[in-house]
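run.txt (compact mmCIF, C-alpha atoms)
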```txt
# COMPACT_ATOMS: atom_id res chain seq x y z
CA MET M 1253 -45.59 1.98 5.27
CA LYS M 1254 -43.42 0.31 2.65
CA ASN M 1255 -39.76 -0.42 3.19
CA TYR M 1256 -37.22 -0.42 0.40
CA PHE M 1257 -34.27 -2.75 -0.04
CA ILE M 1258 -31.23 -2.13 -2.23
CA THR M 1259 -29.14 -5.24 -2.74
CA PHE M 1260 -25.36 -5.44 -3.24
CA ARG M 1261 -23.04 -8.12 -4.52
CA SER M 1262 -20.79 -8.00 -1.46
CA VAL M 1263 -20.63 -6.61 2.02
CA THR M 1264 -17.92 -4.18 0.86
CA PHE M 1265 -20.21 -2.50 -1.66
CA ALA M 1266 -23.06 -2.45 0.85
CA GLN M 1267 -20.77 -0.75 3.37
CA LYS M 1268 -19.59 1.73 0.78
CA GLY M 1269 -23.23 2.55 0.03
CA GLU M 1270 -24.06 2.82 3.72
CA ARG M 1271 -21.23 5.33 4.21
CA VAL M 1272 -22.40 7.43 1.25
CA LEU M 1273 -25.96 7.59 2.54
CA LYS M 1274 -25.15 8.19 6.19
CA ARG M 1275 -22.72 10.97 5.33
CA SER M 1276 -25.62 12.66 3.55
CA GLY M 1277 -27.86 12.25 6.57
CA ILE M 1278 -29.91 9.34 5.23
CA ASN M 1279 -30.58 6.68 7.78
CA CYS M 1280 -30.39 3.10 6.55
CA LEU M 1281 -29.89 -0.36 7.94
CA LEU M 1282 -27.11 -2.57 6.61
CA ARG M 1283 -28.32 -6.15 6.92
CA ARG M 1284 -28.28 -9.56 5.31
CA THR M 1285 -30.50 -9.72 2.26
CA PRO M 1286 -33.78 -11.52 2.98
CA LYS M 1287 -33.69 -14.97 1.45
CA ALA M 1288 -36.83 -14.20 -0.54
CA LEU M 1289 -34.82 -11.68 -2.58
CA THR M 1290 -31.91 -13.88 -3.49
CA THR M 1291 -31.68 -16.95 -5.63
CA ARG M 1292 -29.28 -19.30 -3.91
CA GLU M 1293 -27.05 -16.37 -3.00
CA CYS M 1294 -25.74 -14.76 0.15
CA GLY M 1295 -25.62 -11.04 0.25
CA TYR M 1296 -26.14 -7.76 2.02
CA CYS M 1297 -28.59 -4.97 1.43
CA LEU M 1298 -29.54 -1.55 2.71
CA GLN M 1299 -33.03 -1.16 4.13
CA LEU M 1300 -34.52 2.32 3.71
CA ARG M 1301 -37.61 4.25 4.61
CA PRO M 1302 -39.83 5.36 1.72
CA GLY M 1303 -39.14 9.06 2.10
CA ASP M 1304 -35.41 8.56 1.58
CA PHE M 1305 -35.55 6.11 -1.28
CA GLN M 1306 -35.27 8.35 -4.33
CA GLN M 1307 -32.54 10.52 -2.84
CA ALA M 1308 -30.64 7.42 -1.75
CA LEU M 1309 -30.63 6.05 -5.29
CA ALA M 1310 -29.42 9.36 -6.66
CA LEU M 1311 -26.60 9.49 -4.11
CA LEU M 1312 -25.46 5.94 -4.81
CA GLU M 1313 -25.43 6.57 -8.55
CA ALA M 1314 -23.55 9.86 -8.12
CA ALA M 1315 -20.94 8.12 -5.96
CA GLN M 1316 -20.73 5.25 -8.47
CA VAL M 1317 -21.48 2.64 -5.85
CA GLN M 1318 -22.43 -0.56 -7.63
CA PHE M 1319 -25.70 -1.98 -6.43
CA GLY M 1320 -27.95 -4.79 -7.59
CA LYS M 1321 -31.73 -4.76 -7.52
CA ILE M 1322 -34.27 -2.68 -5.65
CA TYR M 1323 -37.31 -4.08 -3.91
CA ALA M 1324 -40.29 -2.62 -2.11
CA MET M 1325 -41.82 -4.58 0.76
CA ASP M 1326 -45.53 -4.05 1.45
CA PHE M 1327 -47.44 -4.30 4.71
CA ALA M 1328 -47.89 -8.03 4.27
CA GLY M 1329 -44.17 -8.58 3.89
CA GLU M 1330 -44.41 -9.28 0.14
CA PHE M 1331 -41.59 -8.01 -2.05
CA GLU M 1332 -41.90 -6.36 -5.42
CA GLU M 1333 -38.92 -5.62 -7.63
CA MET M 1334 -38.73 -2.00 -8.70
CA ALA M 1335 -37.72 -0.95 -12.17
CA LEU M 1336 -34.65 1.28 -12.22
CA MET P 233 16.45 -2.75 23.29
CA ILE P 234 17.47 -0.15 20.72
CA TYR P 235 15.41 -1.40 17.82
CA LEU P 236 16.89 -0.50 14.44
CA ASP P 237 15.44 -3.23 12.26
CA ASN P 238 12.29 -1.53 11.04
CA GLY P 239 13.12 -2.65 7.51
CA ALA P 240 12.19 -6.16 8.66
CA THR P 241 9.18 -5.18 10.73
CA SER P 242 8.09 -2.36 12.99
CA PHE P 243 8.48 -3.47 16.58
CA HIS P 244 7.24 -0.60 18.71
CA LYS P 245 3.69 -0.07 17.52
CA PRO P 246 1.42 2.80 18.51
CA PRO P 247 -0.46 1.75 21.69
CA GLY P 248 -3.79 1.66 19.85
CA VAL P 249 -2.53 -1.19 17.67
CA TYR P 250 -2.11 -3.58 20.62
CA ARG P 251 -5.51 -2.62 21.98
CA ALA P 252 -7.24 -3.06 18.64
CA VAL P 253 -5.83 -6.55 18.09
CA SER P 254 -6.91 -7.66 21.54
CA GLN P 255 -10.35 -6.12 21.16
CA ALA P 256 -10.91 -7.72 17.76
CA LEU P 257 -10.04 -11.13 19.17
CA ARG P 258 -12.72 -10.68 21.80
CA ARG P 259 -15.43 -8.98 19.75
CA CYS P 260 -15.14 -9.82 16.07
CA ALA P 261 -16.53 -12.88 14.30
CA ASN P 262 -16.24 -13.52 10.55
CA PRO P 263 -16.82 -10.44 8.34
CA GLY P 264 -19.23 -10.78 5.42
CA ARG P 265 -20.59 -14.07 6.69
CA GLY P 266 -23.41 -13.08 9.01
CA GLY P 267 -25.75 -10.33 10.11
CA TYR P 268 -25.32 -10.63 13.89
CA ALA P 269 -23.47 -8.03 15.90
CA ALA P 270 -20.07 -9.74 16.10
CA ALA P 271 -19.99 -10.45 12.35
CA MET P 272 -21.06 -6.89 11.58
CA GLU P 273 -18.43 -5.48 13.94
CA ALA P 274 -15.81 -7.51 12.09
CA ALA P 275 -17.13 -6.22 8.76
CA GLU P 276 -17.09 -2.67 10.09
CA THR P 277 -13.48 -3.04 11.25
CA VAL P 278 -12.36 -4.47 7.92
CA TYR P 279 -14.17 -1.83 5.90
CA GLY P 280 -12.84 0.97 8.10
CA CYS P 281 -9.32 -0.23 7.42
CA ARG P 282 -10.04 -0.59 3.71
CA GLU P 283 -11.47 2.91 3.52
CA THR P 284 -8.58 4.47 5.43
CA ALA P 285 -6.03 2.69 3.24
CA ALA P 286 -7.90 3.86 0.14
CA GLU P 287 -7.76 7.43 1.40
CA LEU P 288 -4.03 7.23 2.13
CA PHE P 289 -3.09 5.47 -1.11
CA GLY P 290 -5.33 7.12 -3.68
CA CYS P 291 -7.89 4.51 -4.69
CA GLN P 292 -11.39 3.23 -3.98
CA PRO P 293 -11.97 1.01 -0.91
CA GLU P 294 -12.79 -2.02 -3.06
CA GLN P 295 -9.38 -1.72 -4.75
CA VAL P 296 -7.72 -2.48 -1.41
CA VAL P 297 -7.17 -6.24 -1.13
CA PHE P 298 -5.97 -7.64 2.19
CA THR P 299 -3.22 -10.22 2.02
CA ALA P 300 -1.04 -12.11 4.48
CA ASN P 301 2.02 -9.98 3.73
CA CYS P 302 3.71 -8.03 0.95
CA THR P 303 5.13 -11.19 -0.61
CA HIS P 304 1.63 -12.64 -0.92
CA ALA P 305 0.45 -9.41 -2.56
CA LEU P 306 3.39 -9.43 -4.98
CA ASN P 307 2.68 -13.05 -5.92
CA ILE P 308 -0.93 -12.20 -6.82
CA ALA P 309 0.21 -9.22 -8.89
CA ILE P 310 3.05 -11.00 -10.65
CA ARG P 311 1.02 -14.12 -11.45
CA THR P 312 -1.70 -11.94 -12.91
CA LEU P 313 0.66 -10.21 -15.32
CA VAL P 314 3.21 -12.93 -16.03
CA LYS P 315 2.19 -16.42 -17.14
CA GLY P 316 5.55 -18.00 -17.86
CA GLY P 317 8.64 -17.46 -19.92
CA GLU P 318 8.03 -13.82 -20.80
CA THR P 319 10.47 -10.94 -20.44
CA VAL P 320 10.04 -8.82 -17.33
CA VAL P 321 11.94 -5.63 -16.51
CA VAL P 322 13.10 -5.24 -12.93
CA SER P 323 15.38 -2.80 -11.15
CA GLY P 324 18.78 -3.84 -9.87
CA PHE P 325 17.56 -3.59 -6.29
CA GLU P 326 14.76 -6.13 -6.06
CA HIS P 327 13.96 -8.35 -3.11
CA ASN P 328 13.48 -12.10 -3.43
CA ALA P 329 9.75 -11.43 -2.98
CA VAL P 330 9.91 -10.16 -6.57
CA THR P 331 12.66 -12.25 -8.12
CA ARG P 332 11.66 -15.66 -6.74
CA PRO P 333 8.08 -15.59 -8.09
CA LEU P 334 9.48 -14.45 -11.44
CA HIS P 335 12.09 -17.21 -11.35
CA ALA P 336 9.36 -19.75 -10.57
CA LEU P 337 7.51 -18.53 -13.66
CA LYS P 338 10.71 -18.92 -15.71
CA ALA P 339 10.55 -15.24 -16.62
CA ASN P 340 13.42 -13.73 -18.55
CA LEU P 341 14.61 -10.95 -16.24
CA ARG P 342 15.94 -7.78 -17.80
CA THR P 343 17.64 -5.87 -14.99
CA ALA P 344 17.86 -2.09 -15.27
CA GLY P 345 19.77 0.44 -13.15
CA ARG P 346 22.54 -1.11 -11.11
CA LYS P 347 24.19 2.06 -9.76
CA LEU P 348 23.22 3.00 -6.22
CA PHE P 349 21.53 6.37 -5.69
CA ASP P 350 21.88 7.23 -9.40
CA TRP P 351 18.53 8.23 -10.91
CA ASP P 352 20.02 9.07 -14.32
CA ASN P 353 21.45 5.57 -14.58
CA MET P 354 18.16 4.02 -13.46
CA LEU P 355 15.98 5.98 -15.86
CA PHE P 356 18.31 5.56 -18.84
CA ASP P 357 18.60 1.81 -18.31
CA PHE P 358 14.94 1.38 -17.49
CA GLU P 359 13.76 3.14 -20.63
CA ARG P 360 16.20 1.18 -22.75
CA ALA P 361 14.87 -2.06 -21.25
CA LEU P 362 11.24 -1.10 -21.81
CA LYS P 363 11.86 0.00 -25.40
CA ARG P 364 12.84 -3.54 -26.33
CA GLY P 365 9.39 -4.71 -25.28
CA ALA P 366 8.38 -6.53 -22.11
CA LYS P 367 5.39 -8.35 -20.69
CA ALA P 368 5.61 -6.42 -17.44
CA ALA P 369 7.84 -4.37 -15.17
CA VAL P 370 8.22 -4.91 -11.44
CA PHE P 371 10.24 -2.51 -9.34
CA THR P 372 10.76 -1.55 -5.76
CA HIS P 373 10.09 1.95 -4.46
CA VAL P 374 12.89 1.81 -1.89
CA SER P 375 15.74 -0.71 -1.66
CA ASN P 376 15.34 -2.73 1.51
CA VAL P 377 19.13 -3.01 1.80
CA PHE P 378 20.38 0.48 1.03
CA GLY P 379 17.37 2.74 1.47
CA TYR P 380 17.79 3.92 -2.12
CA ILE P 381 14.57 5.69 -3.19
CA LEU P 382 13.95 4.86 -6.83
CA PRO P 383 12.39 7.44 -9.18
CA VAL P 384 9.09 5.57 -9.26
CA GLU P 385 7.02 8.42 -10.66
CA GLU P 386 9.28 8.70 -13.70
CA MET P 387 9.51 4.90 -14.01
CA ALA P 388 5.71 4.67 -13.88
CA ALA P 389 5.43 7.31 -16.60
CA LEU P 390 7.88 5.36 -18.77
CA CYS P 391 5.87 2.17 -18.31
CA GLN P 392 2.74 3.98 -19.40
CA HIS P 393 4.52 5.53 -22.36
CA TYR P 394 5.72 2.13 -23.58
CA ARG P 395 2.44 0.45 -22.55
CA VAL P 396 4.08 -2.03 -20.22
CA PRO P 397 1.94 -3.09 -17.23
CA PHE P 398 3.76 -2.60 -13.95
CA VAL P 399 3.86 -3.51 -10.28
CA ILE P 400 5.43 -1.38 -7.56
CA ASP P 401 6.84 -3.06 -4.46
CA ALA P 402 6.16 -0.52 -1.72
CA ALA P 403 7.48 -2.76 1.06
CA GLN P 404 9.83 -0.09 2.39
CA SER P 405 7.95 3.04 1.36
CA ALA P 406 4.32 2.60 2.40
CA GLY P 407 3.75 4.80 5.42
CA VAL P 408 6.93 6.78 4.83
CA LEU P 409 6.71 8.18 1.29
CA PRO P 410 3.74 9.20 -0.88
CA VAL P 411 2.22 6.15 -2.59
CA HIS P 412 -0.80 6.90 -4.77
CA LEU P 413 -2.33 4.25 -7.01
CA GLU P 414 -4.29 6.58 -9.25
CA ARG P 415 -1.50 9.13 -9.75
CA LEU P 416 1.09 6.46 -10.46
CA GLY P 417 -1.28 4.59 -12.76
CA ALA P 418 0.11 1.28 -11.54
CA ASP P 419 -1.53 -2.04 -12.30
CA PHE P 420 -0.70 -3.14 -8.78
CA ILE P 421 1.05 -1.77 -5.70
CA ALA P 422 2.01 -4.24 -2.97
CA MET P 423 2.83 -3.35 0.62
CA PRO P 424 3.21 -5.03 4.01
CA GLY P 425 0.93 -4.06 6.85
CA HIS P 426 3.53 -4.58 9.56
CA LYS P 427 6.41 -2.31 8.50
CA GLY P 428 5.79 1.38 7.83
CA LEU P 429 2.05 0.94 8.27
CA LEU P 430 2.67 -0.20 11.87
CA GLY P 431 0.17 -3.05 11.92
CA PRO P 432 0.78 -6.59 13.14
CA GLN P 433 2.70 -9.25 11.25
CA GLY P 434 0.50 -11.36 8.99
CA THR P 435 -0.99 -8.34 7.27
CA GLY P 436 -0.42 -6.95 3.80
CA ILE P 437 -2.21 -4.93 1.15
CA LEU P 438 -2.47 -5.17 -2.60
CA LEU P 439 -3.78 -2.06 -4.31
CA CYS P 440 -5.41 -3.19 -7.54
CA GLY P 441 -5.48 -0.96 -10.58
CA ARG P 442 -6.84 -3.88 -12.56
CA GLU P 443 -8.64 -7.12 -11.84
CA PRO P 444 -6.22 -9.68 -10.39
CA ASP P 445 -6.26 -13.41 -11.02
CA PRO P 446 -6.99 -15.20 -7.76
CA LEU P 447 -3.95 -16.90 -6.25
CA ILE P 448 -6.19 -19.08 -4.11
CA CYS P 449 -9.88 -19.91 -4.51
CA GLY P 450 -12.57 -20.46 -1.91
CA GLY P 451 -15.39 -18.89 0.03
CA THR P 452 -15.88 -15.14 -0.03
CA GLY P 453 -19.34 -14.75 1.49
CA SER P 454 -20.57 -13.50 -1.89
CA ALA P 455 -21.85 -15.00 -5.15
CA SER P 456 -22.00 -18.26 -3.22
CA ALA P 457 -24.00 -20.29 -5.75
CA GLN P 458 -21.37 -20.00 -8.47
CA GLN P 459 -18.18 -22.05 -8.55
CA GLU P 460 -16.03 -19.39 -10.20
CA MET P 461 -14.44 -16.80 -7.97
CA PRO P 462 -16.40 -13.51 -7.98
CA ASP P 463 -15.46 -11.14 -10.80
CA PHE P 464 -15.47 -8.11 -8.50
CA LEU P 465 -13.00 -6.68 -6.02
CA PRO P 466 -12.00 -7.18 -3.30
CA ASP P 467 -13.71 -10.58 -3.09
CA ARG P 468 -11.97 -11.92 -6.19
CA ALA P 469 -8.63 -11.95 -4.37
CA GLU P 470 -9.77 -12.55 -0.79
CA ALA P 471 -10.78 -16.21 -0.54
CA GLY P 472 -11.16 -17.55 2.98
CA THR P 473 -11.47 -15.88 6.34
CA LEU P 474 -9.56 -12.63 6.68
CA ASN P 475 -7.07 -11.93 9.46
CA VAL P 476 -9.49 -9.68 11.32
CA PRO P 477 -7.35 -9.11 14.46
CA GLY P 478 -4.44 -8.22 12.19
CA ILE P 479 -6.56 -5.90 10.08
CA ALA P 480 -7.91 -4.26 13.24
CA GLY P 481 -4.33 -3.53 14.30
CA LEU P 482 -3.45 -2.33 10.84
CA TYR P 483 -6.44 -0.01 10.92
CA GLU P 484 -5.04 1.61 14.07
CA GLY P 485 -1.62 1.86 12.45
CA LEU P 486 -3.12 3.67 9.48
CA ARG P 487 -5.09 6.00 11.71
CA TYR P 488 -1.91 6.82 13.61
CA LEU P 489 -0.11 7.62 10.36
CA ARG P 490 -2.97 9.78 9.16
CA HIS P 491 -2.84 11.66 12.44
CA MET P 492 0.95 12.05 12.45
CA GLY P 493 1.27 12.79 8.74
CA ILE P 494 3.40 10.58 6.49
CA ARG P 495 5.70 13.47 5.63
CA ASN P 496 6.40 14.13 9.30
CA VAL P 497 7.22 10.47 9.85
CA PHE P 498 9.64 10.55 6.93
CA GLU P 499 11.36 13.70 8.16
CA ARG P 500 11.84 12.26 11.63
CA GLU P 501 13.29 9.02 10.25
CA HIS P 502 15.42 10.79 7.67
CA LYS P 503 16.96 13.12 10.25
CA ALA P 504 18.05 10.10 12.28
CA ALA P 505 19.35 8.33 9.17
CA LEU P 506 21.49 11.31 8.17
CA ALA P 507 22.93 11.52 11.68
CA CYS P 508 23.63 7.79 11.54
CA ILE P 509 25.47 8.11 8.23
CA ARG P 510 27.64 10.93 9.57
CA MET P 511 28.40 8.98 12.72
CA LEU P 512 29.35 5.78 10.91
CA GLU P 513 31.52 7.65 8.42
CA SER P 514 33.28 9.50 11.23
CA LEU P 515 34.27 6.13 12.69
CA GLY P 516 35.80 5.07 9.39
CA PHE P 517 33.24 2.53 8.21
CA ARG P 518 32.29 2.26 4.56
CA VAL P 519 28.72 3.58 4.47
CA PHE P 520 26.40 3.31 1.48
CA SER P 521 24.76 6.69 1.23
CA GLY P 522 23.72 9.23 -1.32
CA ASP P 523 20.94 11.42 -2.59
CA HIS P 524 17.49 9.84 -2.65
CA GLN P 525 18.02 7.88 0.55
CA ALA P 526 15.26 6.84 2.94
CA ALA P 527 15.85 5.87 6.57
CA THR P 528 17.73 2.64 5.89
CA VAL P 529 21.53 2.66 6.00
CA SER P 530 23.89 -0.18 5.15
CA PHE P 531 27.53 -0.22 6.16
CA LEU P 532 30.53 -2.55 6.08
CA PRO P 533 32.06 -3.24 9.49
CA ASN P 534 35.70 -4.18 9.80
CA MET P 535 34.71 -7.78 10.45
CA ASP P 536 32.18 -10.38 9.37
CA CYS P 537 28.87 -8.57 9.19
CA GLU P 538 26.98 -11.29 11.07
CA ASP P 539 29.57 -11.19 13.87
CA ALA P 540 29.19 -7.43 14.00
CA ALA P 541 25.41 -7.68 14.29
CA GLN P 542 25.86 -10.31 16.99
CA LEU P 543 28.16 -8.03 18.97
CA LEU P 544 25.62 -5.23 18.67
CA ALA P 545 22.83 -7.60 19.76
CA ARG P 546 24.79 -8.38 22.93
CA GLN P 547 24.70 -4.66 23.67
CA GLY P 548 20.95 -4.54 23.17
CA ILE P 549 21.02 -3.09 19.68
CA ALA P 550 18.89 -4.82 17.02
CA VAL P 551 20.15 -4.51 13.45
CA ARG P 552 20.12 -6.95 10.55
CA ALA P 553 23.16 -8.34 8.77
CA GLY P 554 23.68 -10.52 5.69
CA LEU P 555 21.96 -10.36 2.33
CA HIS P 556 18.55 -9.19 3.55
CA CYS P 557 16.78 -11.53 1.09
CA ALA P 558 17.98 -9.27 -1.71
CA PRO P 559 20.99 -10.85 -3.46
CA LEU P 560 20.28 -8.84 -6.61
CA ALA P 561 20.67 -5.58 -4.69
CA HIS P 562 23.92 -6.77 -3.15
CA GLN P 563 25.16 -7.88 -6.55
CA SER P 564 24.41 -4.39 -7.89
CA ALA P 565 26.31 -2.76 -5.02
CA GLY P 566 29.21 -5.24 -5.06
CA THR P 567 28.48 -6.62 -1.59
CA LEU P 568 27.18 -10.06 -2.51
CA ASP P 569 30.18 -11.79 -0.91
CA THR P 570 30.34 -9.76 2.27
CA GLY P 571 26.76 -8.73 2.92
CA THR P 572 26.24 -5.57 4.95
CA VAL P 573 25.01 -4.49 8.35
CA ARG P 574 21.71 -2.68 7.93
CA VAL P 575 20.35 -0.02 10.25
CA SER P 576 16.72 0.89 9.60
CA PHE P 577 14.83 3.54 11.53
CA GLY P 578 11.09 3.62 12.21
CA HIS P 579 8.37 6.04 13.24
CA ASP P 580 9.97 6.40 16.68
CA ALA P 581 13.38 7.39 15.26
CA ALA P 582 15.45 9.53 17.60
CA LEU P 583 18.96 10.89 17.81
CA GLN P 584 19.35 8.97 21.09
CA GLN P 585 19.13 5.78 19.03
CA VAL P 586 22.01 7.01 16.88
CA GLU P 587 24.00 7.81 19.98
CA ALA P 588 23.34 4.33 21.39
CA LEU P 589 24.43 2.82 18.08
CA ARG P 590 27.59 4.91 18.17
CA ARG P 591 28.54 3.44 21.52
CA GLY P 592 27.85 -0.01 20.12
CA VAL P 593 29.82 0.32 16.90
CA GLU P 594 32.78 1.91 18.64
CA VAL P 595 33.35 -1.57 20.04
CA LEU P 596 33.51 -2.87 16.46
CA SER P 597 36.04 -0.31 15.35
CA ALA P 598 38.24 -0.75 18.45
```
Target format structure tokens, applied to this file:
Amino acid sequence: MKNYFITFRSVTFAQKGERVLKRSGINCLLRRTPKALTTRECGYCLQLRPGDFQQALALLEAAQVQFGKIYAMDFAGEFEEMAL
Amino acid sequence: MIYLDNGATSFHKPPGVYRAVSQALRRCANPGRGGYAAAMEAAETVYGCRETAAELFGCQPEQVVFTANCTHALNIAIRTLVKGGETVVVSGFEHNAVTRPLHALKANLRTAGRKLFDWDNMLFDFERALKRGAKAAVFTHVSNVFGYILPVEEMAALCQHYRVPFVIDAAQSAGVLPVHLERLGADFIAMPGHKGLLGPQGTGILLCGREPDPLICGGTGSASAQQEMPDFLPDRAEAGTLNVPGIAGLYEGLRYLRHMGIRNVFEREHKAALACIRMLESLGFRVFSGDHQAATVSFLPNMDCEDAAQLLARQGIAVRAGLHCAPLAHQSAGTLDTGTVRVSFGHDAALQQVEALRRGVEVLSA
């Protein structure tokens, strides 16, 4: 099963996103962004299950929470950037 | 001790504040710098405080910038709007936290509204000052010396009408009166965390209606590869490690206020202040009072005001005497040479405090 990662520019925005999703019943994990996804940056991301991904994006956009890029991680642990 | 110096800092905090500070010291590492439990608990504490402040003060969580105190917040705001030598409109009741940064920037101060408790005078003068053009306006919500509540909503509307950016100093009003960034349309609102918000000393908040210029630069835990400060809030104005134990205490102070209701806190304080005014007047002191007064009362004793405060201190009553870091306010009220004795009530205001003060000041009038 794939996992999805939504990156944020700061922990504050990641926390804001986490609150929005959890208040809508979507489970997510706030964590440091895997180094493979960042170019010489430090950051935080939300890790989501596939079934919640589309709704999560819609909720973040509706709440105007600024986020960065979106990645899917396959079974082998390889990341692929998703087009918005 | 009968503590009546809440204008300087709140002294009796809600019990949860003490617990939260202690707990944060034991359990919180650096927020936004790691993914382990102690760093995430720190981040959670900071964000919880940010979110609660945003809810109370009408803005988004990222618009809440944590500072060391209200003065720090005012310096960020003022140095964003004023670069040097420009004209700035201020009220006649500003604290040195406003006037000293402006003086350092060699700003040309245009002072409006010198009559105590007189909204007509304030609004007439203020509009006249804005009409002539200004780089910015900076004004207090409540005078820290006299408790005079300024007509900030009308002053904010005038600033918007004349397109003058403005800063509100909510040092004496946050936690006691409604303060709403979006409704007021302010560029910045500065407030201490340790007065009406009941947090520990070393905490302050700057509500940002626009992007501030950083006062200090350094690590933020974000955008780490670039040498410029981040262009997003709150990181842009929060270089270096935050005061997490202080913010944890502030968070509890905010939660207490949300539970109690700011209006209820004001009514309790105001009731005590009115009783205090009546009591002091009945003893023959000159008391500075009027409409639009918060829970701070200044009076002139029949002796040196510092001696009077010292006599009260010996009886276990804590008040503040002198100029209260606000010479402009004293100049406006005609008390620059004498100073005043200031009584300022807090969230625990009670008529018993007024009665204790009465016994104390009777010694002064004897």
Got a sec: who's within 6 Å of region 379-385 of chain P, counting only C-alpha atoms, leaving out chain neighbours fewer than 5 positions off, as a count of residues only? 7
Would you tabulate, counting all atoms listed in the file, all residues of chain M that have an atom at most 8 Å from an atom of chain P, showing the closest pair of atoms and their distance in Å to one decimal, sorted by chain then ascending number, as JSON lines?
```
{"residue": "M:Arg1261", "atom": "CA", "partner": "P:Ser454", "partner_atom": "CA", "distance": 6.5}
{"residue": "M:Ser1262", "atom": "CA", "partner": "P:Ser454", "partner_atom": "CA", "distance": 5.5}
{"residue": "M:Val1263", "atom": "CA", "partner": "P:Gly264", "partner_atom": "CA", "distance": 5.6}
{"residue": "M:Thr1264", "atom": "CA", "partner": "P:Tyr279", "partner_atom": "CA", "distance": 6.7}
{"residue": "M:Phe1265", "atom": "CA", "partner": "P:Glu294", "partner_atom": "CA", "distance": 7.6}
{"residue": "M:Gln1267", "atom": "CA", "partner": "P:Tyr279", "partner_atom": "CA", "distance": 7.2}
{"residue": "M:Lys1268", "atom": "CA", "partner": "P:Pro293", "partner_atom": "CA", "distance": 7.8}
{"residue": "M:Arg1283", "atom": "CA", "partner": "P:Gly267", "partner_atom": "CA", "distance": 5.9}
{"residue": "M:Arg1284", "atom": "CA", "partner": "P:Gly267", "partner_atom": "CA", "distance": 5.5}
{"residue": "M:Arg1292", "atom": "CA", "partner": "P:Ala457", "partner_atom": "CA", "distance": 5.7}
{"residue": "M:Glu1293", "atom": "CA", "partner": "P:Ser456", "partner_atom": "CA", "distance": 5.4}
{"residue": "M:Cys1294", "atom": "CA", "partner": "P:Ser454", "partner_atom": "CA", "distance": 5.7}
{"residue": "M:Gly1295", "atom": "CA", "partner": "P:Ser454", "partner_atom": "CA", "distance": 6.0}
```
Name the residues in contact with Phe1257 (chain M) at a cut-off of 6 Å, using all atoms listed in the file, excluding same-chain residues fewer than 4 positions from it; report them as a list in words.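 Residues meeting the cut-off are Leu1298, Gln1299, Ile1322 and Tyr1323 of chain M.
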Using all atoms listed in the file, which protein or nucleic acid residues come within 9 Å of Leu506 (chain P)? Drop anything in the same chain fewer than 3 positions from it, and give the result as JSON, numbers by chain. {"P": [501, 502, 503, 509, 510, 511, 521, 527, 529]}
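If you count only C-alpha atoms and ignore residues fewer than 2 places along the chain from region 590-593 of chain P, what sits within 8 Å of it is Met511, Leu512, Leu544, Gln547, Ile549, Val586, Glu587, Ala588, Val595, Leu596 and Ser597 of chain P.
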For CA of Leu1300 (chain M) and CA of Tyr1256 (chain M), the interatomic separation in Å (one decimal):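 Atom-to-atom, CA of Leu1300 (chain M) and CA of Tyr1256 (chain M) are spaced 5.1 Å apart.
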Here is a test: counting only C-alpha atoms, which residue of M:Leu1336, M:Cys1297, M:Ala1288, M:Leu1281 is nearest to Glu1313 (chain M)? M:Leu1336
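Distances here use only C-alpha atoms; by that measure, the residue among M:Asn1255, M:Gly1269, M:Phe1319, M:Glu1332 closest to Arg1301 (chain M) is M:Asn1255.
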d(CA of Ser375 (chain P), CA of His327 (chain P)) in Å: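 For CA of Ser375 (chain P) relative to CA of His327 (chain P), the distance reads 8.0 Å.
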I'd like the interatomic distance between CA of Phe371 (chain P) and CA of Phe517 (chain P), to a tenth of an Å.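 If I compute the distance from CA of Phe371 (chain P) to CA of Phe517 (chain P), I get 29.4 Å.
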Using only C-alpha atoms, collect all residues at a distance of at most 12 Å from (-7.1, -13.5, -13.6) as written in the file, then present them as a VMD selection string. chain P and resid 308 to 315 442 to 449 460 to 465 468 to 469
Quick one: region 1258-1264 of chain M with N, CA and C atoms, as a short mmCIF file (atom, residue, chain, number, x, y, z; two decimals), in the coordinates of the input?
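Output file part08.cif follows:
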```cif
data_model
loop_
_atom_site.label_atom_id
_atom_site.label_comp_id
_atom_site.auth_asym_id
_atom_site.auth_seq_id
_atom_site.Cartn_x
_atom_site.Cartn_y
_atom_site.Cartn_z
N ILE M 1258 -32.18 -2.21 -1.11
CA ILE M 1258 -31.23 -2.13 -2.23
C ILE M 1258 -30.19 -3.23 -2.00
N THR M 1259 -30.06 -4.12 -2.94
CA THR M 1259 -29.14 -5.24 -2.74
C THR M 1259 -27.76 -4.93 -3.33
N PHE M 1260 -26.76 -5.62 -2.80
CA PHE M 1260 -25.36 -5.44 -3.24
C PHE M 1260 -24.71 -6.81 -3.42
N ARG M 1261 -23.70 -6.83 -4.25
CA ARG M 1261 -23.04 -8.12 -4.52
C ARG M 1261 -22.13 -8.56 -3.38
N SER M 1262 -21.68 -7.62 -2.56
CA SER M 1262 -20.79 -8.00 -1.46
C SER M 1262 -20.99 -7.04 -0.30
N VAL M 1263 -20.51 -7.47 0.84
CA VAL M 1263 -20.63 -6.61 2.02
C VAL M 1263 -19.84 -5.32 1.83
N THR M 1264 -18.74 -5.38 1.07
CA THR M 1264 -17.92 -4.18 0.86
C THR M 1264 -18.71 -3.10 0.14
#
```
